[in-house]
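Below is structure_37.cif, which holds mmCIF, C-alpha atoms, pLDDT in the B column; chains and numbers go by the auth columns.
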```cif
data_entry
loop_
_atom_site.group_PDB
_atom_site.id
_atom_site.type_symbol
_atom_site.label_atom_id
_atom_site.label_comp_id
_atom_site.label_asym_id
_atom_site.label_seq_id
_atom_site.Cartn_x
_atom_site.Cartn_y
_atom_site.Cartn_z
_atom_site.B_iso_or_equiv
_atom_site.auth_seq_id
_atom_site.auth_asym_id
ATOM 1 C CA MET A 1 -15.880 -77.773 -81.971 98.00 29 O
ATOM 2 C CA LYS A 2 -18.562 -75.298 -83.059 98.00 30 O
ATOM 3 C CA ILE A 3 -22.225 -76.131 -82.380 98.00 31 O
ATOM 4 C CA PHE A 4 -24.964 -73.927 -83.813 98.00 32 O
ATOM 5 C CA ILE A 5 -28.188 -74.086 -81.789 98.00 33 O
ATOM 6 C CA ASP A 6 -31.445 -73.115 -83.478 98.00 34 O
ATOM 7 C CA PRO A 7 -34.384 -72.657 -81.078 98.00 35 O
ATOM 8 C CA GLY A 8 -37.249 -73.068 -83.547 98.00 36 O
ATOM 9 C CA HIS A 9 -39.945 -70.455 -84.205 98.00 37 O
ATOM 10 C CA GLY A 10 -40.024 -67.134 -82.308 98.00 38 O
ATOM 11 C CA GLY A 11 -41.198 -63.584 -82.861 97.00 39 O
ATOM 12 C CA ASN A 12 -44.283 -63.507 -85.051 97.00 40 O
ATOM 13 C CA ASN A 13 -44.267 -67.341 -85.231 97.00 41 O
ATOM 14 C CA PRO A 14 -45.034 -68.882 -81.830 98.00 42 O
ATOM 15 C CA GLY A 15 -45.099 -72.402 -83.285 98.00 43 O
ATOM 16 C CA ALA A 16 -47.574 -74.867 -81.849 98.00 44 O
ATOM 17 C CA ILE A 17 -49.535 -73.913 -78.734 98.00 45 O
ATOM 18 C CA GLY A 18 -50.269 -76.525 -76.100 97.00 46 O
ATOM 19 C CA PRO A 19 -53.600 -77.158 -74.391 96.00 47 O
ATOM 20 C CA ASN A 20 -52.097 -75.378 -71.368 94.00 48 O
ATOM 21 C CA GLY A 21 -51.356 -72.251 -73.466 97.00 49 O
ATOM 22 C CA LEU A 22 -47.645 -73.014 -73.633 98.00 50 O
ATOM 23 C CA GLN A 23 -46.013 -71.629 -76.785 98.00 51 O
ATOM 24 C CA GLU A 24 -43.533 -73.831 -78.608 98.00 52 O
ATOM 25 C CA ALA A 25 -41.219 -70.895 -79.370 98.00 53 O
ATOM 26 C CA ASP A 26 -40.764 -70.198 -75.644 98.00 54 O
ATOM 27 C CA VAL A 27 -40.023 -73.849 -74.818 98.00 55 O
ATOM 28 C CA ASN A 28 -37.573 -74.170 -77.733 98.00 56 O
ATOM 29 C CA LEU A 29 -35.714 -71.033 -76.680 98.00 57 O
ATOM 30 C CA ASP A 30 -35.398 -72.142 -73.057 98.00 58 O
ATOM 31 C CA ILE A 31 -34.135 -75.628 -73.996 98.00 59 O
ATOM 32 C CA GLY A 32 -31.764 -74.127 -76.570 98.00 60 O
ATOM 33 C CA LEU A 33 -30.240 -71.696 -74.083 98.00 61 O
ATOM 34 C CA LYS A 34 -29.871 -74.443 -71.476 98.00 62 O
ATOM 35 C CA LEU A 35 -28.209 -76.657 -74.106 98.00 63 O
ATOM 36 C CA GLY A 36 -25.807 -73.877 -75.010 98.00 64 O
ATOM 37 C CA ARG A 37 -24.812 -73.316 -71.383 98.00 65 O
ATOM 38 C CA ILE A 38 -24.091 -77.026 -70.901 98.00 66 O
ATOM 39 C CA LEU A 39 -22.065 -77.370 -74.099 98.00 67 O
ATOM 40 C CA SER A 40 -20.178 -74.130 -73.430 98.00 68 O
ATOM 41 C CA SER A 41 -19.199 -75.409 -69.977 98.00 69 O
ATOM 42 C CA TRP A 42 -17.797 -78.518 -71.714 98.00 70 O
ATOM 43 C CA GLY A 43 -15.603 -76.416 -73.995 98.00 71 O
ATOM 44 C CA TYR A 44 -17.732 -76.244 -77.136 98.00 72 O
ATOM 45 C CA GLU A 45 -18.036 -72.980 -79.063 98.00 73 O
ATOM 46 C CA ILE A 46 -21.720 -72.053 -79.265 98.00 74 O
ATOM 47 C CA ASN A 47 -23.739 -69.760 -81.487 98.00 75 O
ATOM 48 C CA TYR A 48 -27.510 -69.375 -81.796 98.00 76 O
ATOM 49 C CA SER A 49 -30.079 -68.390 -84.394 98.00 77 O
ATOM 50 C CA ARG A 50 -31.805 -66.446 -81.611 98.00 78 O
ATOM 51 C CA THR A 51 -31.338 -65.823 -77.902 98.00 79 O
ATOM 52 C CA ILE A 52 -34.523 -63.782 -77.459 98.00 80 O
ATOM 53 C CA ASP A 53 -38.072 -63.991 -78.772 97.00 81 O
ATOM 54 C CA LYS A 54 -37.602 -62.657 -82.298 98.00 82 O
ATOM 55 C CA THR A 55 -38.447 -63.629 -85.857 98.00 83 O
ATOM 56 C CA VAL A 56 -35.680 -65.359 -87.796 98.00 84 O
ATOM 57 C CA THR A 57 -36.439 -66.803 -91.240 97.00 85 O
ATOM 58 C CA LEU A 58 -35.540 -70.391 -92.041 97.00 86 O
ATOM 59 C CA GLY A 59 -33.053 -69.256 -94.657 97.00 87 O
ATOM 60 C CA GLU A 60 -31.442 -66.848 -92.205 98.00 88 O
ATOM 61 C CA ARG A 61 -31.021 -69.618 -89.633 98.00 89 O
ATOM 62 C CA ALA A 62 -29.096 -71.738 -92.130 98.00 90 O
ATOM 63 C CA ARG A 63 -27.120 -68.732 -93.436 98.00 91 O
ATOM 64 C CA LEU A 64 -26.012 -67.773 -89.903 98.00 92 O
ATOM 65 C CA ALA A 65 -24.774 -71.310 -89.226 98.00 93 O
ATOM 66 C CA ASN A 66 -23.018 -71.533 -92.595 98.00 94 O
ATOM 67 C CA GLU A 67 -21.316 -68.135 -92.240 98.00 95 O
ATOM 68 C CA TRP A 68 -20.171 -68.929 -88.706 98.00 96 O
ATOM 69 C CA GLY A 69 -18.643 -72.201 -89.938 98.00 97 O
ATOM 70 C CA ALA A 70 -20.467 -74.461 -87.508 98.00 98 O
ATOM 71 C CA ASN A 71 -19.378 -78.086 -87.302 98.00 99 O
ATOM 72 C CA TYR A 72 -22.907 -79.217 -86.348 98.00 100 O
ATOM 73 C CA PHE A 73 -26.378 -77.663 -86.432 98.00 101 O
ATOM 74 C CA VAL A 74 -29.109 -78.590 -83.920 98.00 102 O
ATOM 75 C CA SER A 75 -32.648 -77.224 -84.269 98.00 103 O
ATOM 76 C CA ILE A 76 -34.864 -77.551 -81.188 98.00 104 O
ATOM 77 C CA HIS A 77 -38.634 -78.058 -81.528 98.00 105 O
ATOM 78 C CA CYS A 78 -41.746 -79.506 -79.890 98.00 106 O
ATOM 79 C CA ASN A 79 -43.937 -81.783 -81.946 98.00 107 O
ATOM 80 C CA SER A 80 -47.685 -81.252 -82.411 98.00 108 O
ATOM 81 C CA ASN A 81 -50.554 -83.312 -83.768 98.00 109 O
ATOM 82 C CA VAL A 82 -54.320 -82.922 -84.094 97.00 110 O
ATOM 83 C CA ASN A 83 -54.556 -86.148 -82.087 98.00 111 O
ATOM 84 C CA PRO A 84 -53.902 -85.105 -78.467 97.00 112 O
ATOM 85 C CA GLU A 85 -52.793 -88.660 -77.667 98.00 113 O
ATOM 86 C CA ALA A 86 -49.808 -88.486 -80.058 98.00 114 O
ATOM 87 C CA ASN A 87 -46.657 -88.662 -77.947 98.00 115 O
ATOM 88 C CA GLY A 88 -42.944 -89.267 -77.989 98.00 116 O
ATOM 89 C CA THR A 89 -39.594 -88.018 -79.200 98.00 117 O
ATOM 90 C CA SER A 90 -38.153 -87.964 -82.719 98.00 118 O
ATOM 91 C CA THR A 91 -35.235 -86.465 -84.611 98.00 119 O
ATOM 92 C CA TYR A 92 -34.903 -85.528 -88.280 98.00 120 O
ATOM 93 C CA PHE A 93 -32.023 -85.263 -90.746 98.00 121 O
ATOM 94 C CA TYR A 94 -31.918 -84.360 -94.444 98.00 122 O
ATOM 95 C CA ARG A 95 -30.503 -87.293 -96.442 94.00 123 O
ATOM 96 C CA PRO A 96 -30.020 -90.940 -95.457 93.00 124 O
ATOM 97 C CA GLY A 97 -26.524 -92.360 -95.532 92.00 125 O
ATOM 98 C CA ILE A 98 -24.654 -89.222 -94.532 92.00 126 O
ATOM 99 C CA VAL A 99 -23.142 -88.097 -91.217 97.00 127 O
ATOM 100 C CA ALA A 100 -26.304 -86.267 -90.157 98.00 128 O
ATOM 101 C CA GLU A 101 -28.234 -89.552 -90.001 98.00 129 O
ATOM 102 C CA SER A 102 -25.760 -91.056 -87.501 98.00 130 O
ATOM 103 C CA PHE A 103 -25.722 -87.761 -85.592 98.00 131 O
ATOM 104 C CA ALA A 104 -29.540 -87.842 -85.399 98.00 132 O
ATOM 105 C CA ILE A 105 -29.560 -91.436 -84.143 98.00 133 O
ATOM 106 C CA THR A 106 -26.986 -90.714 -81.421 98.00 134 O
ATOM 107 C CA VAL A 107 -28.720 -87.552 -80.179 98.00 135 O
ATOM 108 C CA ASN A 108 -32.202 -89.080 -80.339 98.00 136 O
ATOM 109 C CA ASN A 109 -31.102 -92.167 -78.370 98.00 137 O
ATOM 110 C CA SER A 110 -29.447 -90.011 -75.727 98.00 138 O
ATOM 111 C CA LEU A 111 -32.471 -87.737 -75.404 98.00 139 O
ATOM 112 C CA VAL A 112 -34.891 -90.673 -75.084 98.00 140 O
ATOM 113 C CA ARG A 113 -32.690 -92.248 -72.379 98.00 141 O
ATOM 114 C CA GLN A 114 -32.683 -88.953 -70.467 98.00 142 O
ATOM 115 C CA ILE A 115 -36.357 -87.966 -70.656 98.00 143 O
ATOM 116 C CA GLU A 116 -37.865 -91.472 -70.854 97.00 144 O
ATOM 117 C CA LEU A 117 -40.550 -90.733 -73.435 98.00 145 O
ATOM 118 C CA GLN A 118 -41.543 -93.035 -76.273 98.00 146 O
ATOM 119 C CA ASP A 119 -38.865 -93.275 -78.971 98.00 147 O
ATOM 120 C CA LEU A 120 -40.526 -92.510 -82.304 98.00 148 O
ATOM 121 C CA GLY A 121 -37.186 -92.790 -84.107 98.00 149 O
ATOM 122 C CA VAL A 122 -35.222 -90.789 -86.656 98.00 150 O
ATOM 123 C CA PHE A 123 -36.458 -89.805 -90.100 98.00 151 O
ATOM 124 C CA PRO A 124 -35.263 -88.040 -93.229 98.00 152 O
ATOM 125 C CA ALA A 125 -37.067 -84.753 -93.895 98.00 153 O
ATOM 126 C CA ASN A 126 -36.838 -81.960 -96.446 98.00 154 O
ATOM 127 C CA PHE A 127 -36.863 -79.173 -93.828 98.00 155 O
ATOM 128 C CA ALA A 128 -35.227 -75.932 -94.959 97.00 156 O
ATOM 129 C CA VAL A 129 -32.849 -75.713 -91.993 98.00 157 O
ATOM 130 C CA LEU A 130 -31.604 -79.232 -92.732 98.00 158 O
ATOM 131 C CA ARG A 131 -31.431 -78.795 -96.510 97.00 159 O
ATOM 132 C CA LEU A 132 -29.759 -75.357 -96.551 98.00 160 O
ATOM 133 C CA THR A 133 -27.040 -75.958 -93.962 98.00 161 O
ATOM 134 C CA ARG A 134 -23.589 -77.076 -95.094 97.00 162 O
ATOM 135 C CA MET A 135 -22.757 -79.041 -91.926 98.00 163 O
ATOM 136 C CA PRO A 136 -24.431 -82.136 -90.438 98.00 164 O
ATOM 137 C CA ALA A 137 -27.794 -80.817 -89.250 98.00 165 O
ATOM 138 C CA ILE A 138 -30.588 -82.319 -87.172 98.00 166 O
ATOM 139 C CA LEU A 139 -33.993 -81.188 -85.960 98.00 167 O
ATOM 140 C CA VAL A 140 -35.059 -82.570 -82.581 98.00 168 O
ATOM 141 C CA GLU A 141 -38.746 -82.874 -81.644 98.00 169 O
ATOM 142 C CA THR A 142 -38.438 -83.179 -77.864 98.00 170 O
ATOM 143 C CA ALA A 143 -42.070 -83.998 -77.001 98.00 171 O
ATOM 144 C CA PHE A 144 -45.626 -83.293 -78.166 98.00 172 O
ATOM 145 C CA ILE A 145 -46.823 -79.900 -76.963 98.00 173 O
ATOM 146 C CA SER A 146 -50.292 -80.951 -78.190 98.00 174 O
ATOM 147 C CA ASN A 147 -50.381 -83.878 -75.747 98.00 175 O
ATOM 148 C CA PRO A 148 -51.695 -82.703 -72.351 98.00 176 O
ATOM 149 C CA TYR A 149 -49.278 -84.870 -70.364 98.00 177 O
ATOM 150 C CA GLU A 150 -46.209 -83.981 -72.421 98.00 178 O
ATOM 151 C CA ALA A 151 -47.240 -80.295 -72.469 98.00 179 O
ATOM 152 C CA SER A 152 -47.340 -80.373 -68.669 98.00 180 O
ATOM 153 C CA LEU A 153 -43.790 -81.778 -68.690 98.00 181 O
ATOM 154 C CA LEU A 154 -42.604 -79.166 -71.205 98.00 182 O
ATOM 155 C CA ALA A 155 -43.956 -76.461 -68.878 98.00 183 O
ATOM 156 C CA THR A 156 -41.459 -77.422 -66.159 98.00 184 O
ATOM 157 C CA ASN A 157 -37.911 -76.162 -65.798 98.00 185 O
ATOM 158 C CA SER A 158 -36.681 -79.605 -64.736 98.00 186 O
ATOM 159 C CA PHE A 159 -38.000 -81.357 -67.852 98.00 187 O
ATOM 160 C CA ARG A 160 -36.547 -78.671 -70.133 98.00 188 O
ATOM 161 C CA GLN A 161 -33.207 -79.064 -68.356 98.00 189 O
ATOM 162 C CA ASN A 162 -33.418 -82.834 -68.866 98.00 190 O
ATOM 163 C CA CYS A 163 -34.063 -82.267 -72.583 98.00 191 O
ATOM 164 C CA ALA A 164 -30.971 -80.065 -72.775 98.00 192 O
ATOM 165 C CA VAL A 165 -28.879 -82.640 -70.886 98.00 193 O
ATOM 166 C CA GLY A 166 -30.059 -85.469 -73.135 98.00 194 O
ATOM 167 C CA ILE A 167 -29.280 -83.534 -76.315 99.00 195 O
ATOM 168 C CA ALA A 168 -25.923 -82.347 -74.934 98.00 196 O
ATOM 169 C CA ASN A 169 -24.902 -85.878 -73.949 98.00 197 O
ATOM 170 C CA GLY A 170 -25.750 -87.075 -77.467 98.00 198 O
ATOM 171 C CA ILE A 171 -23.721 -84.289 -79.052 98.00 199 O
ATOM 172 C CA ALA A 172 -20.754 -85.070 -76.799 98.00 200 O
ATOM 173 C CA GLU A 173 -21.026 -88.793 -77.491 98.00 201 O
ATOM 174 C CA PHE A 174 -21.044 -88.160 -81.235 98.00 202 O
ATOM 175 C CA THR A 175 -18.327 -85.505 -81.408 97.00 203 O
ATOM 176 C CA THR A 176 -15.710 -86.958 -79.051 90.00 204 O
#
```

Would you put the structure from the file into structure tokens?
Amino acid sequence: MKIFIDPGHGGNNPGAIGPNGLQEADVNLDIGLKLGRILSSWGYEINYSRTIDKTVTLGERARLANEWGANYFVSIHCNSNVNPEANGTSTYFYRPGIVAESFAITVNNSLVRQIELQDLGVFPANFAVLRLTRMPAILVETAFISNPYEASLLATNSFRQNCAVGIANGIAEFTT
């Protein structure tokens, strides 16, 4: 089983920046690498859009996954909102009624159980990495980097590890 992990942003695009100065790209990369280590230890084949802080276009992320022949695509992100009180976890997929929607539900439920943040649910979205990939693809918004409390969680190694465990458990539940 081949899982393509896409730590969102990176390079010249740091993503959202938390009130504590935390950059989304750094958080996404750390969670993505932790996720890959867990899944690899469980026997999954893993590939990444990036393993260092570098710029990778949205189209390139999808192309890499497609060319590798991934069975599933998981993009890792932190949410952000102008309202610093916005909080919770959500997961996105491209079109309702296809495998990716069920995949998103399973992973989102597992992640919420693991990290115990508010479940905002799963939603369809026309994101390039979801639209351009040929395999079931999801985009996970772990927590709000714009929320002071959630940003403080995202700054810790233990919370990032918990995010990786929650996502990994959801992937395993869905693919076995």

Subject >> Hits of the PyMOL selection byres ((chain O and resi 49) around 10) in this structure, as an MDAnalysis selection string >> reply: chainID O and resid 44:48 50:52 173:174 179 183

Original post:
Can you list what the PyMOL selection byres ((chain O and resi 194) around 9) grabs from this structure, as a PyMOL selection string?
Top reply: chain O and resi 135-143+189-193+195-199

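Counting only C-alpha atoms and comparing O:Gly87, O:Gly43, O:Gly38, O:Gly60, the residue that lies closest to Arg159 of chain O is O:Gly87.
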
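One distance worth recording is that between atom CA of Gly39 of chain O and atom CA of Arg78 of chain O, which is 9.9 Å.
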
Subject >> Shell around Trp96 of chain O at 10 Å using only C-alpha atoms, local window under 5 positions removed, as number ranges by chain >> reply: O: 30-32, 75, 90-91

**OP:** Please evaluate the PyMOL selection byres ((chain O and resi 71) around 12) against the structure above and give the resulting residues as a list in words.
**Re:** Met29, Lys30, Ile31, Gly64, Arg65, Ile66, Leu67, Ser68, Ser69, Trp70, Tyr72, Glu73, Ile74, Ala196, Ala200 and Thr204 of chain O

Subject >> Polymer residues at most 8 Å from Asn115 of chain O, only C-alpha atoms, same-chain spacing of 4 or more positions, as a ChimeraX atom specification >> reply: /O:145-146,171-172,175,178

**OP:** Give the answer as one residue: which of O:Ala98, O:Val157, O:Cys106, O:Ala93 has the shortest atom-to-atom distance to Leu57 of chain O, using only C-alpha atoms?
**Re:**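 For Leu57 of chain O, the nearest of the candidates is O:Cys106.
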
Original post:
In terms of the shortest atom-to-atom distance over only C-alpha atoms, which of O:Ile166, O:Thr119, O:Glu129, O:Glu95 is closest to Ile33 of chain O?
Top reply: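 Using only C-alpha atoms, the shortest distance to Ile33 of chain O belongs to O:Ile166.
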
**OP:** Using all atoms listed in the file, determine which residues lie at most 9 Å from Ala128 of chain O, disregarding the query and same-chain residues fewer than 3 positions distant; provide the list as a ChimeraX atom specification.
**Re:** /O:100,120-125,131-133,163-166

Subject >> Residue among O:Gly116, O:Phe202, O:Leu182, O:Leu167 lying closest to Ile104 of chain O, counting only C-alpha atoms >> reply: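 Ranking O:Gly116, O:Phe202, O:Leu182, O:Leu167 by distance to Ile104 of chain O, first place goes to O:Leu167.
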
Original post:
When you draw a straight line from atom CA of Arg162 of chain O to atom CA of Asn94 of chain O, how long is it in Å?
Top reply: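 Atom CA of Arg162 of chain O sits 6.1 Å away from atom CA of Asn94 of chain O.
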
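When only C-alpha atoms are used to measure the gap to Glu201 of chain O, the shortest distance among O:Asn99, O:Thr134, O:Asn56, O:Asn107 belongs to O:Thr134.
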
Original post:
If you measure from atom CA of Lys82 of chain O to atom CA of Lys62 of chain O, what distance in Å do you get, rounded to one decimal?
Top reply: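 Computing the Euclidean distance for atom CA of Lys82 of chain O and atom CA of Lys62 of chain O yields 17.8 Å.
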
Original post:
If we count all atoms listed in the file, what is near Leu86 of chain O at a cut-off of 10 Å, once residues fewer than 3 positions away on the same chain are taken out, given as a PyMOL selection string?
Top reply: chain O and resi 34+36-37+77+83+89-91+155-158+160

Original post:
Which of these residues is nearest to Ile59 of chain O, using all atoms listed in the file: O:Thr117, O:Ser130, O:Ser186, O:Asn154?
Top reply: O:Ser186

Could you work out an axis-aligned bounding box for all listed atoms of segment 84-88 of chain O, with 3 Å added on each of the six sides, and give its centre and edge lengths in Å to one decimal, as JSON?
```
{"center_x": -33.9, "center_y": -67.9, "center_z": -91.2, "size_x": 11.0, "size_y": 11.0, "size_z": 12.9}
```
